[in-house]
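Undergrad: My structure file input27.tsv, TSV, C-alpha atoms, is below:
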chain	number	residue	atom	x	y	z
A	443	MET	CA	-38.22	26.12	32.04
A	444	ALA	CA	-34.52	25.57	32.48
A	445	HIS	CA	-32.84	23.42	29.90
A	446	ASN	CA	-29.24	22.58	29.36
A	447	PRO	CA	-28.39	20.95	26.03
A	448	LEU	CA	-25.70	18.85	27.70
A	449	GLU	CA	-27.93	17.55	30.47
A	450	GLN	CA	-28.99	14.63	28.27
A	451	PHE	CA	-25.50	13.12	28.59
A	452	VAL	CA	-25.53	12.92	32.39
A	453	ILE	CA	-25.24	9.34	33.59
A	454	ARG	CA	-27.82	8.44	36.22
A	455	PRO	CA	-27.72	5.29	38.29
A	456	ILE	CA	-30.86	3.15	38.23
A	457	VAL	CA	-29.66	0.62	40.80
A	458	PRO	CA	-26.95	2.23	42.98
A	459	LEU	CA	-24.27	-0.30	43.84
A	460	HIS	CA	-20.87	0.15	45.48
A	461	ILE	CA	-18.14	-2.42	45.97
A	462	GLY	CA	-15.55	-0.91	48.26
A	463	ASN	CA	-14.80	2.53	46.84
A	464	ILE	CA	-15.74	1.53	43.31
A	465	ASP	CA	-19.07	2.71	41.95
A	466	VAL	CA	-20.53	-0.17	39.93
A	467	SER	CA	-24.11	1.14	39.82
A	468	PHE	CA	-26.38	-0.10	37.08
A	469	THR	CA	-26.86	3.11	35.11
A	470	GLN	CA	-29.20	4.11	32.31
A	471	SER	CA	-26.16	3.82	30.02
A	472	ALA	CA	-25.78	0.15	30.98
A	473	LEU	CA	-29.53	-0.34	30.59
A	474	TRP	CA	-29.45	0.92	27.00
A	475	MET	CA	-26.40	-1.17	26.19
A	476	GLY	CA	-28.33	-4.17	27.45
A	477	ILE	CA	-31.34	-3.20	25.35
A	478	ALA	CA	-29.07	-2.84	22.30
A	479	VAL	CA	-27.57	-6.30	22.78
A	480	VAL	CA	-30.96	-7.95	23.35
A	481	LEU	CA	-32.52	-6.10	20.41
A	482	ALA	CA	-29.67	-6.97	18.03
A	483	THR	CA	-29.75	-10.63	19.10
A	484	VAL	CA	-33.54	-10.85	18.81
A	485	LEU	CA	-33.49	-9.12	15.43
A	486	MET	CA	-30.88	-11.49	14.02
A	487	THR	CA	-32.24	-14.75	15.48
A	488	LEU	CA	-36.00	-14.26	15.16
A	489	SER	CA	-35.83	-12.86	11.65
A	490	MET	CA	-33.71	-15.80	10.50
A	491	GLN	CA	-35.83	-18.45	12.21
A	492	LYS	CA	-37.83	-19.34	9.10
A	493	ARG	CA	-34.76	-19.56	6.84
A	494	ALA	CA	-37.04	-19.04	3.85
A	495	MET	CA	-35.65	-19.30	0.32
A	496	VAL	CA	-37.55	-16.15	-0.54
A	497	PRO	CA	-36.82	-13.85	2.42
A	498	GLY	CA	-39.61	-11.96	4.12
A	499	ARG	CA	-39.32	-8.41	5.36
A	500	TRP	CA	-37.39	-9.14	8.56
A	501	GLN	CA	-35.21	-11.82	7.04
A	502	ASN	CA	-34.32	-9.31	4.34
A	503	VAL	CA	-33.13	-6.84	6.97
A	504	ALA	CA	-30.98	-9.47	8.67
A	505	GLU	CA	-29.53	-10.67	5.35
A	506	MET	CA	-28.81	-7.09	4.31
A	507	PHE	CA	-26.73	-6.49	7.45
A	508	TYR	CA	-25.00	-9.83	7.02
A	509	GLU	CA	-24.14	-9.28	3.38
A	510	PHE	CA	-23.04	-5.69	3.99
A	511	ILE	CA	-20.50	-6.66	6.66
A	512	ASN	CA	-19.54	-9.90	4.94
A	513	GLY	CA	-18.75	-7.97	1.76
A	514	MET	CA	-16.73	-5.43	3.72
A	515	VAL	CA	-14.70	-8.13	5.50
A	516	ARG	CA	-14.08	-10.09	2.29
A	517	GLU	CA	-13.09	-7.00	0.35
A	518	ASN	CA	-10.54	-5.92	2.96
A	519	LEU	CA	-9.30	-9.16	4.49
A	520	GLY	CA	-9.85	-11.63	1.66
A	521	PRO	CA	-11.50	-15.05	2.01
A	522	GLU	CA	-9.40	-16.02	5.06
A	523	GLY	CA	-10.73	-12.94	6.84
A	524	ALA	CA	-14.00	-14.80	7.42
A	525	LYS	CA	-12.85	-15.71	10.93
A	526	TYR	CA	-12.91	-12.02	11.88
A	527	PHE	CA	-16.48	-11.62	10.62
A	528	PRO	CA	-18.18	-12.27	14.02
A	529	PHE	CA	-16.00	-9.62	15.67
A	530	VAL	CA	-16.57	-6.96	13.00
A	531	PHE	CA	-20.28	-7.75	12.88
A	532	SER	CA	-20.65	-7.45	16.67
A	533	ILE	CA	-18.78	-4.14	16.70
A	534	PHE	CA	-20.93	-2.84	13.85
A	535	MET	CA	-24.19	-3.89	15.48
A	536	ILE	CA	-23.37	-2.50	18.94
A	537	VAL	CA	-22.33	0.87	17.46
A	538	LEU	CA	-25.29	1.01	15.06
A	539	MET	CA	-27.76	0.05	17.80
A	540	GLY	CA	-26.26	2.63	20.16
A	541	ASN	CA	-26.52	5.38	17.55
A	542	LEU	CA	-30.03	4.47	16.40
A	543	LEU	CA	-31.50	3.81	19.86
A	544	GLY	CA	-30.16	7.24	20.81
A	545	MET	CA	-32.58	8.71	18.27
A	546	VAL	CA	-35.58	7.31	20.19
A	547	PRO	CA	-37.10	10.00	22.42
A	548	TYR	CA	-36.32	9.65	26.18
A	549	SER	CA	-33.56	7.15	25.42
A	550	PHE	CA	-29.86	7.48	26.16
A	551	THR	CA	-27.06	7.45	23.58
A	552	TYR	CA	-24.27	5.37	25.09
A	553	THR	CA	-22.02	6.00	22.08
A	554	SER	CA	-21.93	9.66	23.17
A	555	HIS	CA	-19.49	8.75	25.95
A	556	ILE	CA	-15.77	8.63	25.23
A	557	ILE	CA	-15.32	5.81	27.74
A	558	VAL	CA	-17.65	3.54	25.72
A	559	THR	CA	-16.23	4.39	22.30
A	560	GLY	CA	-12.72	4.37	23.77
A	561	VAL	CA	-13.08	0.83	25.08
A	562	LEU	CA	-14.53	-0.33	21.75
A	563	ALA	CA	-11.63	1.31	19.87
A	564	CYS	CA	-9.07	-0.17	22.24
A	565	MET	CA	-10.62	-3.62	21.75
A	566	VAL	CA	-10.23	-3.23	17.99
A	567	CYS	CA	-6.64	-1.97	18.17
A	568	LEU	CA	-5.58	-4.56	20.77
A	569	LEU	CA	-7.04	-7.34	18.63
A	570	ALA	CA	-5.14	-5.99	15.60
A	571	LEU	CA	-1.95	-5.84	17.68
A	572	VAL	CA	-2.37	-9.40	18.99
A	573	VAL	CA	-3.22	-10.75	15.53
A	574	GLY	CA	-0.15	-9.01	14.10
A	575	LEU	CA	2.15	-10.29	16.86
A	576	VAL	CA	0.84	-13.87	16.62
A	577	LYS	CA	1.09	-13.90	12.85
A	578	HIS	CA	4.46	-12.18	12.41
A	579	GLY	CA	6.12	-12.33	15.84
A	580	GLY	CA	8.90	-9.76	16.26
A	581	HIS	CA	8.79	-9.10	12.53
A	582	PHE	CA	5.52	-7.22	13.24
A	583	PHE	CA	7.53	-4.17	14.33
A	584	SER	CA	8.84	-3.73	10.78
A	585	LEU	CA	5.44	-2.02	10.39
A	586	PHE	CA	7.16	1.05	11.83
A	587	LEU	CA	10.14	0.88	9.47
A	588	PRO	CA	9.38	1.40	5.77
A	589	LYS	CA	11.70	-0.47	3.40
A	590	GLY	CA	14.61	1.28	1.69
A	591	LEU	CA	14.80	4.12	4.19
A	592	PRO	CA	18.09	6.11	4.24
A	593	TRP	CA	19.56	5.75	7.74
A	594	PRO	CA	19.56	9.47	8.75
A	595	LEU	CA	15.78	9.47	8.41
A	596	ILE	CA	15.17	6.36	10.51
A	597	PRO	CA	14.59	8.07	13.92
A	598	LEU	CA	12.27	10.66	12.39
A	599	ILE	CA	10.17	8.26	10.34
A	600	VAL	CA	9.96	5.65	13.10
A	601	ALA	CA	8.73	8.32	15.53
A	602	ILE	CA	6.12	9.50	13.02
A	603	GLU	CA	5.01	5.93	12.28
A	604	ILE	CA	4.63	5.14	15.98
A	605	ILE	CA	2.59	8.31	16.61
A	606	SER	CA	0.48	7.48	13.57
A	607	TYR	CA	-0.12	3.98	14.92
A	608	LEU	CA	-0.99	5.25	18.41
A	609	SER	CA	-3.42	7.76	16.92
A	610	HIS	CA	-5.63	4.97	15.50
A	611	PRO	CA	-7.63	4.24	18.67
A	612	VAL	CA	-7.82	7.95	19.53
A	613	SER	CA	-9.13	8.87	16.11
A	614	LEU	CA	-11.55	5.93	16.07
A	615	SER	CA	-13.08	6.69	19.45
A	616	VAL	CA	-13.10	10.49	19.28
A	617	ARG	CA	-14.79	10.54	15.87
A	618	LEU	CA	-17.77	8.47	17.00
A	619	PHE	CA	-18.09	10.18	20.37
A	620	ALA	CA	-17.76	13.72	18.96
A	621	ASN	CA	-20.28	13.09	16.19
A	622	MET	CA	-22.85	11.76	18.63
A	623	VAL	CA	-22.36	14.55	21.17
A	624	ALA	CA	-22.43	17.28	18.50
A	625	GLY	CA	-25.54	15.90	16.82
A	626	HIS	CA	-27.57	15.43	19.98
A	627	THR	CA	-26.51	18.80	21.40
A	628	MET	CA	-27.55	20.49	18.16
A	629	LEU	CA	-30.97	18.85	18.31
A	630	LYS	CA	-31.47	20.05	21.89
A	631	VAL	CA	-30.30	23.59	21.07
A	632	PHE	CA	-32.76	23.92	18.19
A	633	ALA	CA	-35.55	22.46	20.33
A	634	GLY	CA	-34.64	25.09	22.94
A	635	PHE	CA	-35.06	27.85	20.32
A	636	SER	CA	-38.63	26.71	19.78
A	637	VAL	CA	-39.40	26.90	23.49
A	638	THR	CA	-37.86	30.37	23.78
A	639	LEU	CA	-39.62	31.73	20.69
A	640	ILE	CA	-43.09	30.78	21.94
A	641	THR	CA	-42.96	33.61	24.49
A	642	VAL	CA	-42.50	36.40	21.87
A	643	THR	CA	-45.12	37.96	19.56
A	644	PHE	CA	-46.22	35.56	16.79
A	645	GLY	CA	-44.31	33.01	18.82
A	646	ALA	CA	-46.62	30.18	17.87
A	647	VAL	CA	-45.67	30.70	14.21
A	648	LEU	CA	-42.01	31.64	14.68
A	649	GLY	CA	-41.52	28.73	17.06
A	650	LEU	CA	-42.33	26.35	14.25
A	651	LEU	CA	-39.23	27.37	12.26
A	652	PRO	CA	-36.64	25.70	14.53
A	653	LEU	CA	-38.98	22.73	14.69
A	654	VAL	CA	-38.80	22.38	10.90
A	655	VAL	CA	-35.00	22.56	11.09
A	656	ASN	CA	-35.09	19.91	13.81
A	657	VAL	CA	-37.07	17.53	11.62
A	658	ALA	CA	-34.38	17.85	8.94
A	659	LEU	CA	-31.65	17.45	11.55
A	660	ILE	CA	-33.21	14.23	12.84
A	661	GLY	CA	-33.02	12.85	9.30
A	662	LEU	CA	-29.39	13.91	9.13
A	663	GLU	CA	-28.67	12.35	12.51
A	664	ILE	CA	-30.12	9.01	11.45
A	665	MET	CA	-27.86	9.10	8.39
A	666	ILE	CA	-24.88	9.98	10.62
A	667	ALA	CA	-25.80	7.04	12.87
A	668	PHE	CA	-25.43	4.66	9.92
A	669	ILE	CA	-22.32	6.35	8.51
A	670	GLN	CA	-20.49	6.29	11.84
A	671	ALA	CA	-21.26	2.61	12.38
A	672	TYR	CA	-20.06	1.96	8.82
A	673	VAL	CA	-16.84	3.94	9.36
A	674	PHE	CA	-16.18	2.15	12.66
A	675	ALA	CA	-16.62	-1.26	11.02
A	676	ILE	CA	-14.55	-0.49	7.92
A	677	LEU	CA	-11.70	0.93	10.01
A	678	THR	CA	-11.79	-2.23	12.13
A	679	CYS	CA	-11.26	-4.14	8.87
A	680	ILE	CA	-8.48	-1.81	7.70
A	681	TYR	CA	-6.55	-1.99	10.99
A	682	LEU	CA	-6.83	-5.78	10.97
A	683	LYS	CA	-5.65	-5.80	7.36
A	684	ASP	CA	-2.62	-3.65	8.26
A	685	ALA	CA	-1.74	-6.08	11.04
A	686	ILE	CA	-2.12	-9.13	8.79
A	687	GLU	CA	-0.41	-7.79	5.68
A	688	LEU	CA	2.12	-5.33	7.18
A	689	HIS	CA	1.80	-2.71	4.45
B	1268	MET	CA	-60.03	-11.38	-19.75
B	1269	SER	CA	-58.01	-14.21	-21.24
B	1270	LEU	CA	-54.86	-13.92	-23.29
B	1271	THR	CA	-53.46	-16.22	-25.90
B	1272	PRO	CA	-49.92	-17.42	-25.16
B	1273	GLU	CA	-48.61	-15.21	-27.99
B	1274	GLU	CA	-50.19	-12.09	-26.53
B	1275	LEU	CA	-48.88	-12.95	-23.10
B	1276	SER	CA	-45.32	-13.48	-24.31
B	1277	GLN	CA	-45.56	-10.17	-26.18
B	1278	GLN	CA	-46.60	-8.43	-22.97
B	1279	ILE	CA	-43.82	-10.05	-20.98
B	1280	LYS	CA	-41.30	-8.94	-23.61
B	1281	GLU	CA	-42.53	-5.35	-23.42
B	1282	ALA	CA	-42.47	-5.33	-19.63
B	1283	ARG	CA	-38.92	-6.71	-19.63
B	1284	ALA	CA	-37.73	-4.07	-22.09
B	1285	LYS	CA	-39.30	-1.38	-19.90
B	1286	GLN	CA	-37.63	-2.78	-16.79
B	1287	ASP	CA	-34.23	-2.91	-18.47
B	1288	GLN	CA	-34.64	0.70	-19.54
B	1289	ASN	CA	-35.51	1.74	-16.01
B	1290	LEU	CA	-32.48	-0.08	-14.68
B	1291	GLU	CA	-30.20	1.68	-17.14
B	1292	ILE	CA	-31.55	5.13	-16.34
B	1293	GLN	CA	-31.07	4.66	-12.61
B	1294	PRO	CA	-27.83	6.26	-11.40
B	1295	PRO	CA	-25.72	3.79	-9.41
B	1296	LYS	CA	-26.54	4.10	-5.70
B	1297	ILE	CA	-26.11	7.84	-5.19
B	1298	GLY	CA	-27.11	7.72	-1.53
B	1299	GLU	CA	-24.59	5.05	-0.69
B	1300	GLN	CA	-21.78	6.96	-2.40
B	1301	ASN	CA	-22.71	10.17	-0.57
B	1302	GLY	CA	-22.67	8.35	2.73
B	1303	ALA	CA	-19.30	6.78	2.06
B	1304	ALA	CA	-17.90	10.15	0.92
B	1305	THR	CA	-19.11	11.87	4.09
B	1306	GLY	CA	-17.53	9.07	6.11
B	1307	LYS	CA	-14.22	9.62	4.33
B	1308	ALA	CA	-14.30	13.38	4.93
B	1309	LEU	CA	-15.01	12.90	8.64
B	1310	ARG	CA	-12.23	10.34	8.76
B	1311	ALA	CA	-9.58	12.68	7.35
B	1312	ALA	CA	-10.36	15.44	9.85
B	1313	SER	CA	-10.33	13.24	12.92
B	1314	ASP	CA	-7.24	11.32	11.77
B	1315	LEU	CA	-5.25	14.57	11.60
B	1316	VAL	CA	-6.47	15.88	14.94
B	1317	ALA	CA	-5.99	12.56	16.71
B	1318	ALA	CA	-2.35	12.33	15.61
B	1319	LEU	CA	-1.74	15.90	16.80
B	1320	VAL	CA	-3.30	15.09	20.17
B	1321	VAL	CA	-1.26	11.91	20.55
B	1322	GLY	CA	1.93	13.75	19.55
B	1323	GLY	CA	1.26	16.59	21.97
B	1324	PHE	CA	0.41	14.19	24.77
B	1325	LEU	CA	3.57	12.11	24.24
B	1326	GLY	CA	5.70	15.25	24.12
B	1327	TYR	CA	4.19	16.60	27.32
B	1328	TRP	CA	4.69	13.22	29.00
B	1329	VAL	CA	8.39	13.07	28.02
B	1330	ASP	CA	8.81	16.67	29.20
B	1331	ARG	CA	7.23	15.91	32.57
B	1332	TRP	CA	9.60	12.97	32.91
B	1333	LEU	CA	12.80	14.83	31.89
B	1334	HIS	CA	11.74	18.28	33.21
B	1335	THR	CA	12.44	19.87	29.84
B	1336	LEU	CA	9.08	21.56	29.20
B	1337	PRO	CA	8.36	22.70	26.46
B	1338	LEU	CA	11.15	21.21	24.32
B	1339	PHE	CA	9.68	17.79	23.55
B	1340	LEU	CA	6.14	19.13	23.49
B	1341	ILE	CA	7.11	21.24	20.48
B	1342	ILE	CA	9.10	18.47	18.79
B	1343	PHE	CA	6.35	15.88	19.22
B	1344	PHE	CA	3.70	18.36	18.16
B	1345	PHE	CA	5.39	18.62	14.76
B	1346	LEU	CA	5.93	14.86	14.63
B	1347	GLY	CA	2.23	14.50	15.34
B	1348	PHE	CA	1.47	16.83	12.47
B	1349	GLY	CA	3.56	14.62	10.21
B	1350	ALA	CA	1.83	11.50	11.52
B	1351	GLY	CA	-1.57	13.10	10.89
B	1352	PHE	CA	-0.71	13.76	7.28
B	1353	LEU	CA	0.69	10.26	6.98
B	1354	ASN	CA	-2.69	8.94	8.21
B	1355	ILE	CA	-4.58	10.97	5.62
B	1356	TYR	CA	-2.11	10.09	2.86
B	1357	ARG	CA	-2.44	6.35	3.59
B	1358	ALA	CA	-6.24	6.54	3.68
B	1359	GLN	CA	-6.37	8.40	0.35
B	1360	MET	CA	-3.83	6.12	-1.34
B	1361	SER	CA	-5.67	2.95	-0.37
B	1362	GLU	CA	-8.88	4.66	-1.50
B	1363	SER	CA	-7.56	5.56	-4.95
B	1364	ALA	CA	-6.04	2.08	-5.32
B	1365	ALA	CA	-9.50	0.59	-4.61
B	1366	ASN	CA	-11.10	3.01	-7.08
B	1367	LYS	CA	-8.60	2.06	-9.76
B	1368	ILE	CA	-9.45	-1.61	-9.37
B	1369	ASP	CA	-13.16	-0.75	-9.55
B	1370	ASN	CA	-12.67	1.25	-12.75
B	1371	ASP	CA	-10.60	-1.51	-14.34
B	1372	VAL	CA	-13.28	-4.06	-13.50
B	1373	SER	CA	-16.10	-1.95	-14.94
B	1374	LYS	CA	-13.99	-1.29	-18.06
B	1375	THR	CA	-13.43	-4.98	-18.72
B	1376	ASP	CA	-17.13	-5.57	-18.07
B	1377	LYS	CA	-18.02	-3.12	-20.80
B	1378	GLU	CA	-15.47	-4.53	-23.20
B	1379	GLU	CA	-16.92	-7.99	-22.74
B	1380	LYS	CA	-20.34	-6.63	-23.59
Here is a file; write its structure as structure tokens.
TA:
Amino acid sequence: MAHNPLEQFVIRPIVPLHIGNIDVSFTQSALWMGIAVVLATVLMTLSMQKRAMVPGRWQNVAEMFYEFINGMVRENLGPEGAKYFPFVFSIFMIVLMGNLLGMVPYSFTYTSHIIVTGVLACMVCLLALVVGLVKHGGHFFSLFLPKGLPWPLIPLIVAIEIISYLSHPVSLSVRLFANMVAGHTMLKVFAGFSVTLITVTFGAVLGLLPLVVNVALIGLEIMIAFIQAYVFAILTCIYLKDAIELH
Amino acid sequence: MSLTPEELSQQIKEARAKQDQNLEIQPPKIGEQNGAATGKALRAASDLVAALVVGGFLGYWVDRWLHTLPLFLIIFFFLGFGAGFLNIYRAQMSESAANKIDNDVSKTDKEEK
């Protein structure tokens, strides 16, 4: 049985569709993004339908997510940051759903593609840029010029500050994408060990060892799924804060 | 089995004392702290590498434009290194500032008690 640990990341069209020379097929990646959006919406609306004073199980889950992100936004952006809550919450949910749905067997992890995480990161950084420009106008560019800088250092520091600023979306997208690819590849590689070991003597017993490791790795991966969504959301808050406050 | 109000209040008192004890013994959210710490560690690594990549890319781009390969590639590589450390420094400084506030708050909480 041939298996390639990277084969799971291949994008396959479900409904092939071409407009001119552009391939706009509905792929399994798009399908899982759709599932994530529907699932997140259903989870948040259905579980809050009762609006009970004493929350039930599902309402508790929804309130936990809400309070988690709300606390994060308030802590970083202050009370006036409440208007950015819907954006941060949507980003958090789409990343979390992508990471967690990827853990379901036979599913597809759309956050394992740099184009998806890259667009999300660019959305975050463009929003921060627009917010900063609207709020401070041309004064926004003083972000690249720390106060009280001796003039010979200005070109050097400004260059470093600009590179640092440009590295935000790269760092944000590559971290999520690399974590997802590495985790899922590792799972497949260990699963492959099991398959290979079955053919040797005592294979039935030896083959169980990588399986045990895989069980632990799946636990780790679920934790990583949460941590990465958390990091993505908190960095969204921090970049917005930088744009609003101009450190 | 029926209890007199006195017995019942006694039992409630004991249960409350037990609950308070349990709450005090519990360490504060170890899992959450571990998760956040792992997030921070991952952040530092990717922040450094991302700045290097951006620096290298910008340098290569300027070189392609001015036909001076590899002059600006080298210069921007080092600038990227600086920017990477700046990223990490900023992240750590804001982190320790937040920790300091947390510690101050918990200190005043204890003093009030």
Undergrad: Write down, as an mmCIF file with C-alpha atoms, in the coordinates of the input, each residue of chain B that has any atom within 12 Å of an atom of chain A, counting all atoms listed in the file.
TA:
data_model
loop_
_atom_site.group_PDB
_atom_site.id
_atom_site.type_symbol
_atom_site.label_atom_id
_atom_site.label_comp_id
_atom_site.auth_asym_id
_atom_site.auth_seq_id
_atom_site.Cartn_x
_atom_site.Cartn_y
_atom_site.Cartn_z
ATOM 1 C CA GLY B 1298 -27.110 7.720 -1.530
ATOM 2 C CA GLU B 1299 -24.590 5.050 -0.690
ATOM 3 C CA GLN B 1300 -21.780 6.960 -2.400
ATOM 4 C CA ASN B 1301 -22.710 10.170 -0.570
ATOM 5 C CA GLY B 1302 -22.670 8.350 2.730
ATOM 6 C CA ALA B 1303 -19.300 6.780 2.060
ATOM 7 C CA ALA B 1304 -17.900 10.150 0.920
ATOM 8 C CA THR B 1305 -19.110 11.870 4.090
ATOM 9 C CA GLY B 1306 -17.530 9.070 6.110
ATOM 10 C CA LYS B 1307 -14.220 9.620 4.330
ATOM 11 C CA ALA B 1308 -14.300 13.380 4.930
ATOM 12 C CA LEU B 1309 -15.010 12.900 8.640
ATOM 13 C CA ARG B 1310 -12.230 10.340 8.760
ATOM 14 C CA ALA B 1311 -9.580 12.680 7.350
ATOM 15 C CA ALA B 1312 -10.360 15.440 9.850
ATOM 16 C CA SER B 1313 -10.330 13.240 12.920
ATOM 17 C CA ASP B 1314 -7.240 11.320 11.770
ATOM 18 C CA LEU B 1315 -5.250 14.570 11.600
ATOM 19 C CA VAL B 1316 -6.470 15.880 14.940
ATOM 20 C CA ALA B 1317 -5.990 12.560 16.710
ATOM 21 C CA ALA B 1318 -2.350 12.330 15.610
ATOM 22 C CA LEU B 1319 -1.740 15.900 16.800
ATOM 23 C CA VAL B 1320 -3.300 15.090 20.170
ATOM 24 C CA VAL B 1321 -1.260 11.910 20.550
ATOM 25 C CA GLY B 1322 1.930 13.750 19.550
ATOM 26 C CA GLY B 1323 1.260 16.590 21.970
ATOM 27 C CA PHE B 1324 0.410 14.190 24.770
ATOM 28 C CA LEU B 1325 3.570 12.110 24.240
ATOM 29 C CA GLY B 1326 5.700 15.250 24.120
ATOM 30 C CA ILE B 1342 9.100 18.470 18.790
ATOM 31 C CA PHE B 1343 6.350 15.880 19.220
ATOM 32 C CA PHE B 1344 3.700 18.360 18.160
ATOM 33 C CA PHE B 1345 5.390 18.620 14.760
ATOM 34 C CA LEU B 1346 5.930 14.860 14.630
ATOM 35 C CA GLY B 1347 2.230 14.500 15.340
ATOM 36 C CA PHE B 1348 1.470 16.830 12.470
ATOM 37 C CA GLY B 1349 3.560 14.620 10.210
ATOM 38 C CA ALA B 1350 1.830 11.500 11.520
ATOM 39 C CA GLY B 1351 -1.570 13.100 10.890
ATOM 40 C CA PHE B 1352 -0.710 13.760 7.280
ATOM 41 C CA LEU B 1353 0.690 10.260 6.980
ATOM 42 C CA ASN B 1354 -2.690 8.940 8.210
ATOM 43 C CA ILE B 1355 -4.580 10.970 5.620
ATOM 44 C CA TYR B 1356 -2.110 10.090 2.860
ATOM 45 C CA ARG B 1357 -2.440 6.350 3.590
ATOM 46 C CA ALA B 1358 -6.240 6.540 3.680
ATOM 47 C CA MET B 1360 -3.830 6.120 -1.340
ATOM 48 C CA SER B 1361 -5.670 2.950 -0.370
ATOM 49 C CA GLU B 1362 -8.880 4.660 -1.500
ATOM 50 C CA ALA B 1365 -9.500 0.590 -4.610
ATOM 51 C CA ILE B 1368 -9.450 -1.610 -9.370
ATOM 52 C CA ASP B 1369 -13.160 -0.750 -9.550
#
Undergrad: Using atom CA of Phe534 of chain A and atom CA of Gln1359 of chain B as the two end points, give the distance in Å to one decimal.
TA: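 One can read the atom CA of Phe534 of chain A to atom CA of Gln1359 of chain B distance as 22.8 Å.
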Undergrad: Mind pulling up the distance from atom CA of Lys525 of chain A to atom CA of Gly580 of chain A?
TA: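 Interatomic distance, atom CA of Gly580 of chain A to atom CA of Lys525 of chain A: 23.2 Å.
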Undergrad: Considering only C-alpha atoms, can you say which of A:Leu485, A:Val647, A:Ile477, A:Met514 comes closest to Asn502 of chain A?
TA: A:Leu485
Undergrad: Mind pulling up the distance from atom CA of Tyr681 of chain A to atom CA of Lys577 of chain A?
TA: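 Distance between the two atoms: 14.3 Å.
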Undergrad: Find the residues around Gln450 of chain A up to 10 Å (only C-alpha atoms counted), leave out those fewer than 2 positions away in its own chain, and share them as an MDAnalysis selection string.
TA: chainID A and resid 445:448 452:453 548:551 623 626:627 630
Undergrad: With a distance cut-off of 10 Å and only C-alpha atoms, select the neighbouring residues of Leu659 of chain A, excluding the residue or stretch itself and same-chain residues fewer than 3 positions from it, and output the selection as an NGL selection string.
TA: :A and (625-626 or 628-629 or 632 or 653-656 or 662-665)
Undergrad: Need to verify the contact set: Ile536 of chain A, 8 Å, only C-alpha atoms, exclusion of same-chain residues closer than 4 positions in sequence. Can you return it as a PyMOL selection string?
TA: chain A and resi 475+478-479+482+532+540
